[in-house]
Amino acid sequence: MSEKSSIYGGQAVIEGVMMAGRNVHVTAVRKKDGSIEYLEVPKTEIGWVQVLKKIPFVRGIVGIIEASAKGAQHLNFSAEVFAQEEDENGDKAAVKKEEKPGFFSNISMLLGVAVIGVISFLFGKFVFTLVPAIIEEFLFKNAFSSQIGHNLVEGLIKIILLVGYIYAISLTPMIKRLFQYHGAEHKVISAYEAGVDLTVPNVQKFSTLHYRCGSSFIVFTVIVGVVVYSFVRYDTLLERVGQRLILLPLVIGISYELLRFTNSLRTVPVLRYLGYPGLWLQKLTTKQPFDDQVEVSIASFTRMREAEQRIMEGSV
C-alpha cells in the first residue's frame with residue numbers, strides 16, 4: 001500500500017490540532033509566545049481490538065470508542081498547556097517543573113484519561129438518544145397512529161436539539177476558536193489528499209468541510225436511528241427507552257459503514273449528495289481559520305508524518 005493511500009484523520013484541541021497517522025498521533029499547540037509545543041503518542045496495537053476493527057458493523061463501535069479515548073488524552077494535553085499559560089500570565093508566578101512520573105503513574109494517568117473520554121462519549125450518545133424519545137412521547141403521544149410518524153418526529157427533535165446545542169456553544173470565544181482549528185484540520189488533510197504543497201496560502205484555498213468528519217457521523221446516527229427503530233414495536237415509554245439503548249450499538253455500527261460508503265462515493269456526480277447532510281452540520285462545527293491556526297495544523301501534520309517515517313524506518 002502506498003503512502004498516498006493512507007487515510008489520515010485529526011481533531012481540534014484547545015489552541016491546536018491533533019493529527020492521527022497509522023502509527024502515531026501528534027498534537028501541536030500554539031503557546032502565547034508564538035512557539036508550538038508538541039505531544040507524540042505512538043499507537044499501541046492490541047490483538048483482539050485489531051481483529052474487531054476488521055469486522056463490518058463492529059469496527060465502527062470499536063473505532064469510535066478508541067478514538068474517544070485517544071482524543072481525550074490529546075485534549076487533556078492541550079488543556080494543560082493552556083492552563084499553564086493562564087497561570088504564568090494571570091498570576092505571574094513561575095510554574096515549577098514537576099518530576100516525571102514513573103511508569104505505573106503514566107499508565108494510571110493514561111487509563112484515567114481514556115476512561116473519561118469513553119464515558120463522555122457514551123454519556124453524550126445516551127443523552128441525545130433518550131431525551132428526544134422522552135420529549136416526543138410526552139408531546140406527541142396520540143398524534144400519530146403509526147410508530148413511523150413518532151420515529152420521524154423523534155429524529156427531528158434530535159436534530160433540533162443537536163443543532164441548537166452546537167450553535168449555542170459556538171457563540172463562546174473558546175469553542176469558536178476550537179471550531180476554527182477544526183476547519184484548519186480539514187483544510188490541511190484536504191490539501192494533502194489533493195497533492196499540493198502544504199503552505200498556508202495553498203491550504204487556505206480548500207474548504208473547511210470534509211466527508212470523513214465525525215460531524216457527518218452524528219447526522220448518520222440520527223437518520224439510521226429513525227430507520228432501525230421503525231422495525232421494533234414498543235407499547236410503553238420504558239420499552240421505547242430500553243430499545244433505544246439496546247439498539248444504540250447497531251445504529252452506531254450501521255452509521256459508521258454508511259459514512260465509509262458515502263466517502264467512497266464522494267467523486268460520483270450524483271451519489272456524492274448522500275454525504276451532504278453531514279457537510280451541512282459541519283457548517284456549524286467548523287469555522288474559517290486564521291493563517292496562524294492553519295500554520296499550527298500544518299505543523300502538526302508535518303510532525304506526524306515525520307514521526308511516521310521514523311517509526312517505519314525503525315521497523316525495517
# chains A, B, ... in the order shown; residues from 1 in each chain; ligands from 1
$ residues_around --residues "range 155-157 of chain A" --least-positions-apart "6" --cutoff "9 Å" --atoms "only C-alpha atoms" --output "PyMOL selection string"
chain A and resi 132-133+135-136+222-223+225-226
$ residues_around --residues "Ile159 in chain A" --least-positions-apart "2" --cutoff "12 Å" --atoms "only C-alpha atoms" --output "PDB file with C-alpha atoms, in the first residue's frame"
ATOM      1  CA  PHE A 128     -29.104  12.636  22.638  1.00  0.00           C
ATOM      2  CA  THR A 129     -30.713   9.225  22.226  1.00  0.00           C
ATOM      3  CA  VAL A 131     -34.074  12.853  25.676  1.00  0.00           C
ATOM      4  CA  PRO A 132     -35.689  13.203  22.198  1.00  0.00           C
ATOM      5  CA  LEU A 152     -39.659  10.733  12.374  1.00  0.00           C
ATOM      6  CA  VAL A 153     -40.685  13.381  14.912  1.00  0.00           C
ATOM      7  CA  GLU A 154     -38.188  11.938  17.388  1.00  0.00           C
ATOM      8  CA  GLY A 155     -35.454  12.247  14.766  1.00  0.00           C
ATOM      9  CA  LEU A 156     -36.483  15.834  14.044  1.00  0.00           C
ATOM     10  CA  ILE A 157     -36.369  16.704  17.750  1.00  0.00           C
ATOM     11  CA  LEU A 161     -31.555  19.737  19.959  1.00  0.00           C
ATOM     12  CA  LEU A 162     -28.227  18.867  18.360  1.00  0.00           C
ATOM     13  CA  VAL A 163     -28.095  21.899  16.082  1.00  0.00           C
ATOM     14  CA  GLY A 164     -29.304  24.186  18.877  1.00  0.00           C
ATOM     15  CA  TYR A 165     -26.666  22.856  21.260  1.00  0.00           C
ATOM     16  CA  ILE A 166     -23.828  23.214  18.743  1.00  0.00           C
ATOM     17  CA  TYR A 167     -24.941  26.708  17.764  1.00  0.00           C
ATOM     18  CA  ILE A 218     -23.535  12.213  14.034  1.00  0.00           C
ATOM     19  CA  VAL A 219     -26.062  13.047  11.319  1.00  0.00           C
ATOM     20  CA  PHE A 220     -25.973   9.472  10.037  1.00  0.00           C
ATOM     21  CA  THR A 221     -26.760   8.115  13.514  1.00  0.00           C
ATOM     22  CA  VAL A 222     -29.946  10.209  13.550  1.00  0.00           C
ATOM     23  CA  ILE A 223     -31.057   9.065  10.074  1.00  0.00           C
ATOM     24  CA  GLY A 225     -31.827   5.500  14.078  1.00  0.00           C
ATOM     25  CA  VAL A 226     -35.159   6.537  12.551  1.00  0.00           C
ATOM     26  CA  PRO A 277     -26.378  16.208   5.429  1.00  0.00           C
ATOM     27  CA  GLY A 278     -23.115  15.686   7.317  1.00  0.00           C
ATOM     28  CA  TRP A 280     -24.321  20.817   6.306  1.00  0.00           C
ATOM     29  CA  LEU A 281     -23.768  20.146  10.009  1.00  0.00           C
TER      30      LEU A 281
END
$ residues_around --residues "Leu258 in chain A" --least-positions-apart "3" --cutoff "12 Å" --atoms "only C-alpha atoms" --output "list in words"
Pro56, Phe57, Gly60, Tyr211, Arg212, Ser216, Phe217, Ile218, Val219, Phe220, Thr221, Ile223, Val224, Val251, Ile252, Gly253, Ile254, Ser255, Phe261, Thr262, Asn263, Ser264, Leu265, Leu274, Gly275 and Gly278 of chain A
$ write_last_selection --atoms "N, CA and C atoms" --output "PDB file, in the first residue's frame"
ATOM      1  N   PRO A  56     -17.085  -5.771   9.820  1.00  0.00           N
ATOM      2  CA  PRO A  56     -18.097  -4.758   9.499  1.00  0.00           C
ATOM      3  C   PRO A  56     -19.183  -4.683  10.569  1.00  0.00           C
ATOM      4  N   PHE A  57     -19.653  -3.465  10.823  1.00  0.00           N
ATOM      5  CA  PHE A  57     -20.701  -3.144  11.795  1.00  0.00           C
ATOM      6  C   PHE A  57     -20.213  -3.253  13.247  1.00  0.00           C
ATOM      7  N   GLY A  60     -16.942  -0.056  13.614  1.00  0.00           N
ATOM      8  CA  GLY A  60     -17.330   1.327  13.870  1.00  0.00           C
ATOM      9  C   GLY A  60     -17.392   1.641  15.351  1.00  0.00           C
ATOM     10  N   TYR A 211     -15.680  15.023   4.058  1.00  0.00           N
ATOM     11  CA  TYR A 211     -16.638  13.914   4.106  1.00  0.00           C
ATOM     12  C   TYR A 211     -16.414  12.987   5.302  1.00  0.00           C
ATOM     13  N   ARG A 212     -15.166  12.784   5.743  1.00  0.00           N
ATOM     14  CA  ARG A 212     -14.904  11.798   6.789  1.00  0.00           C
ATOM     15  C   ARG A 212     -15.072  12.357   8.195  1.00  0.00           C
ATOM     16  N   SER A 216     -20.335  14.380  10.339  1.00  0.00           N
ATOM     17  CA  SER A 216     -21.162  13.633   9.388  1.00  0.00           C
ATOM     18  C   SER A 216     -21.679  12.363  10.034  1.00  0.00           C
ATOM     19  N   PHE A 217     -20.835  11.736  10.836  1.00  0.00           N
ATOM     20  CA  PHE A 217     -21.235  10.509  11.514  1.00  0.00           C
ATOM     21  C   PHE A 217     -22.426  10.758  12.440  1.00  0.00           C
ATOM     22  N   ILE A 218     -22.440  11.887  13.124  1.00  0.00           N
ATOM     23  CA  ILE A 218     -23.535  12.213  14.034  1.00  0.00           C
ATOM     24  C   ILE A 218     -24.860  12.294  13.285  1.00  0.00           C
ATOM     25  N   VAL A 219     -24.836  12.932  12.118  1.00  0.00           N
ATOM     26  CA  VAL A 219     -26.062  13.047  11.319  1.00  0.00           C
ATOM     27  C   VAL A 219     -26.542  11.674  10.880  1.00  0.00           C
ATOM     28  N   PHE A 220     -25.600  10.810  10.486  1.00  0.00           N
ATOM     29  CA  PHE A 220     -25.973   9.472  10.037  1.00  0.00           C
ATOM     30  C   PHE A 220     -26.619   8.663  11.163  1.00  0.00           C
ATOM     31  N   THR A 221     -26.161   8.857  12.406  1.00  0.00           N
ATOM     32  CA  THR A 221     -26.760   8.115  13.514  1.00  0.00           C
ATOM     33  C   THR A 221     -28.224   8.501  13.695  1.00  0.00           C
ATOM     34  N   ILE A 223     -30.307   9.617  11.212  1.00  0.00           N
ATOM     35  CA  ILE A 223     -31.057   9.065  10.074  1.00  0.00           C
ATOM     36  C   ILE A 223     -31.212   7.553  10.204  1.00  0.00           C
ATOM     37  N   VAL A 224     -30.105   6.876  10.528  1.00  0.00           N
ATOM     38  CA  VAL A 224     -30.136   5.418  10.675  1.00  0.00           C
ATOM     39  C   VAL A 224     -31.033   5.016  11.841  1.00  0.00           C
ATOM     40  N   VAL A 251     -27.066   0.929  15.695  1.00  0.00           N
ATOM     41  CA  VAL A 251     -27.181   2.206  14.988  1.00  0.00           C
ATOM     42  C   VAL A 251     -25.801   2.787  14.711  1.00  0.00           C
ATOM     43  N   ILE A 252     -24.918   2.729  15.706  1.00  0.00           N
ATOM     44  CA  ILE A 252     -23.557   3.245  15.541  1.00  0.00           C
ATOM     45  C   ILE A 252     -22.811   2.455  14.470  1.00  0.00           C
ATOM     46  N   GLY A 253     -22.946   1.124  14.522  1.00  0.00           N
ATOM     47  CA  GLY A 253     -22.256   0.284  13.556  1.00  0.00           C
ATOM     48  C   GLY A 253     -22.690   0.542  12.130  1.00  0.00           C
ATOM     49  N   ILE A 254     -23.997   0.638  11.906  1.00  0.00           N
ATOM     50  CA  ILE A 254     -24.518   0.899  10.559  1.00  0.00           C
ATOM     51  C   ILE A 254     -24.117   2.300  10.094  1.00  0.00           C
ATOM     52  N   SER A 255     -24.178   3.270  10.991  1.00  0.00           N
ATOM     53  CA  SER A 255     -23.836   4.652  10.642  1.00  0.00           C
ATOM     54  C   SER A 255     -22.381   4.761  10.197  1.00  0.00           C
ATOM     55  N   PHE A 261     -19.122   4.366   3.230  1.00  0.00           N
ATOM     56  CA  PHE A 261     -19.698   4.185   1.902  1.00  0.00           C
ATOM     57  C   PHE A 261     -19.851   5.523   1.176  1.00  0.00           C
ATOM     58  N   THR A 262     -20.409   6.518   1.857  1.00  0.00           N
ATOM     59  CA  THR A 262     -20.608   7.823   1.217  1.00  0.00           C
ATOM     60  C   THR A 262     -19.274   8.490   0.905  1.00  0.00           C
ATOM     61  N   ASN A 263     -18.264   8.252   1.755  1.00  0.00           N
ATOM     62  CA  ASN A 263     -16.946   8.822   1.489  1.00  0.00           C
ATOM     63  C   ASN A 263     -16.349   8.233   0.210  1.00  0.00           C
ATOM     64  N   SER A 264     -16.604   6.941  -0.026  1.00  0.00           N
ATOM     65  CA  SER A 264     -16.080   6.296  -1.226  1.00  0.00           C
ATOM     66  C   SER A 264     -16.797   6.778  -2.484  1.00  0.00           C
ATOM     67  N   LEU A 265     -17.961   7.392  -2.305  1.00  0.00           N
ATOM     68  CA  LEU A 265     -18.749   7.850  -3.452  1.00  0.00           C
ATOM     69  C   LEU A 265     -18.672   9.360  -3.661  1.00  0.00           C
ATOM     70  N   LEU A 274     -25.235  11.993  -1.073  1.00  0.00           N
ATOM     71  CA  LEU A 274     -25.573  11.225   0.125  1.00  0.00           C
ATOM     72  C   LEU A 274     -24.838  11.752   1.351  1.00  0.00           C
ATOM     73  N   GLY A 275     -23.694  12.341   1.137  1.00  0.00           N
ATOM     74  CA  GLY A 275     -22.911  12.852   2.263  1.00  0.00           C
ATOM     75  C   GLY A 275     -23.206  14.288   2.624  1.00  0.00           C
ATOM     76  N   GLY A 278     -24.240  15.540   6.405  1.00  0.00           N
ATOM     77  CA  GLY A 278     -23.115  15.686   7.317  1.00  0.00           C
ATOM     78  C   GLY A 278     -22.319  16.948   7.035  1.00  0.00           C
TER      79      GLY A 278
END
$ select_by_dssp --residues "range 245-305 of chain A" --states "helix (DSSP H, G or I)" --output "PyMOL selection string"
chain A and resi 245-264+271-285+291-305
$ atom_distance --atom1 "CA of His210 in chain A" --atom2 "CA of His186 in chain A"
6.0 Å
$ closest_residue --among "A:Val17, A:Ile7, A:Val227, A:Ala83" --to "Ile36 in chain A" --atoms "only C-alpha atoms"
A:Val17
$ closest_residue --among "A:Thr285, A:Glu257, A:Gly195, A:Arg22" --to "Leu171 in chain A" --atoms "only C-alpha atoms"
A:Thr285
$ closest_residue --among "A:Val62, A:Met304, A:Ile148, A:Leu259" --to "Leu279 in chain A" --atoms "only C-alpha atoms"
A:Leu259
$ residues_around --residues "Leu178 in chain A" --least-positions-apart "3" --cutoff "12 Å" --atoms "only C-alpha atoms" --output "ChimeraX atom specification"
/A:11-18,29,75,78-79,169-175,181-185,284-290,293
$ atom_distance --atom1 "CA of Ser35 in chain A" --atom2 "CA of Ala67 in chain A"
27.2 Å
$ atom_distance --atom1 "CA of Val51 in chain A" --atom2 "CA of Val26 in chain A"
24.6 Å
$ residues_around --residues "Trp48 in chain A" --least-positions-apart "5" --cutoff "12 Å" --atoms "only C-alpha atoms" --output "ChimeraX atom specification"
/A:53-55,59,62
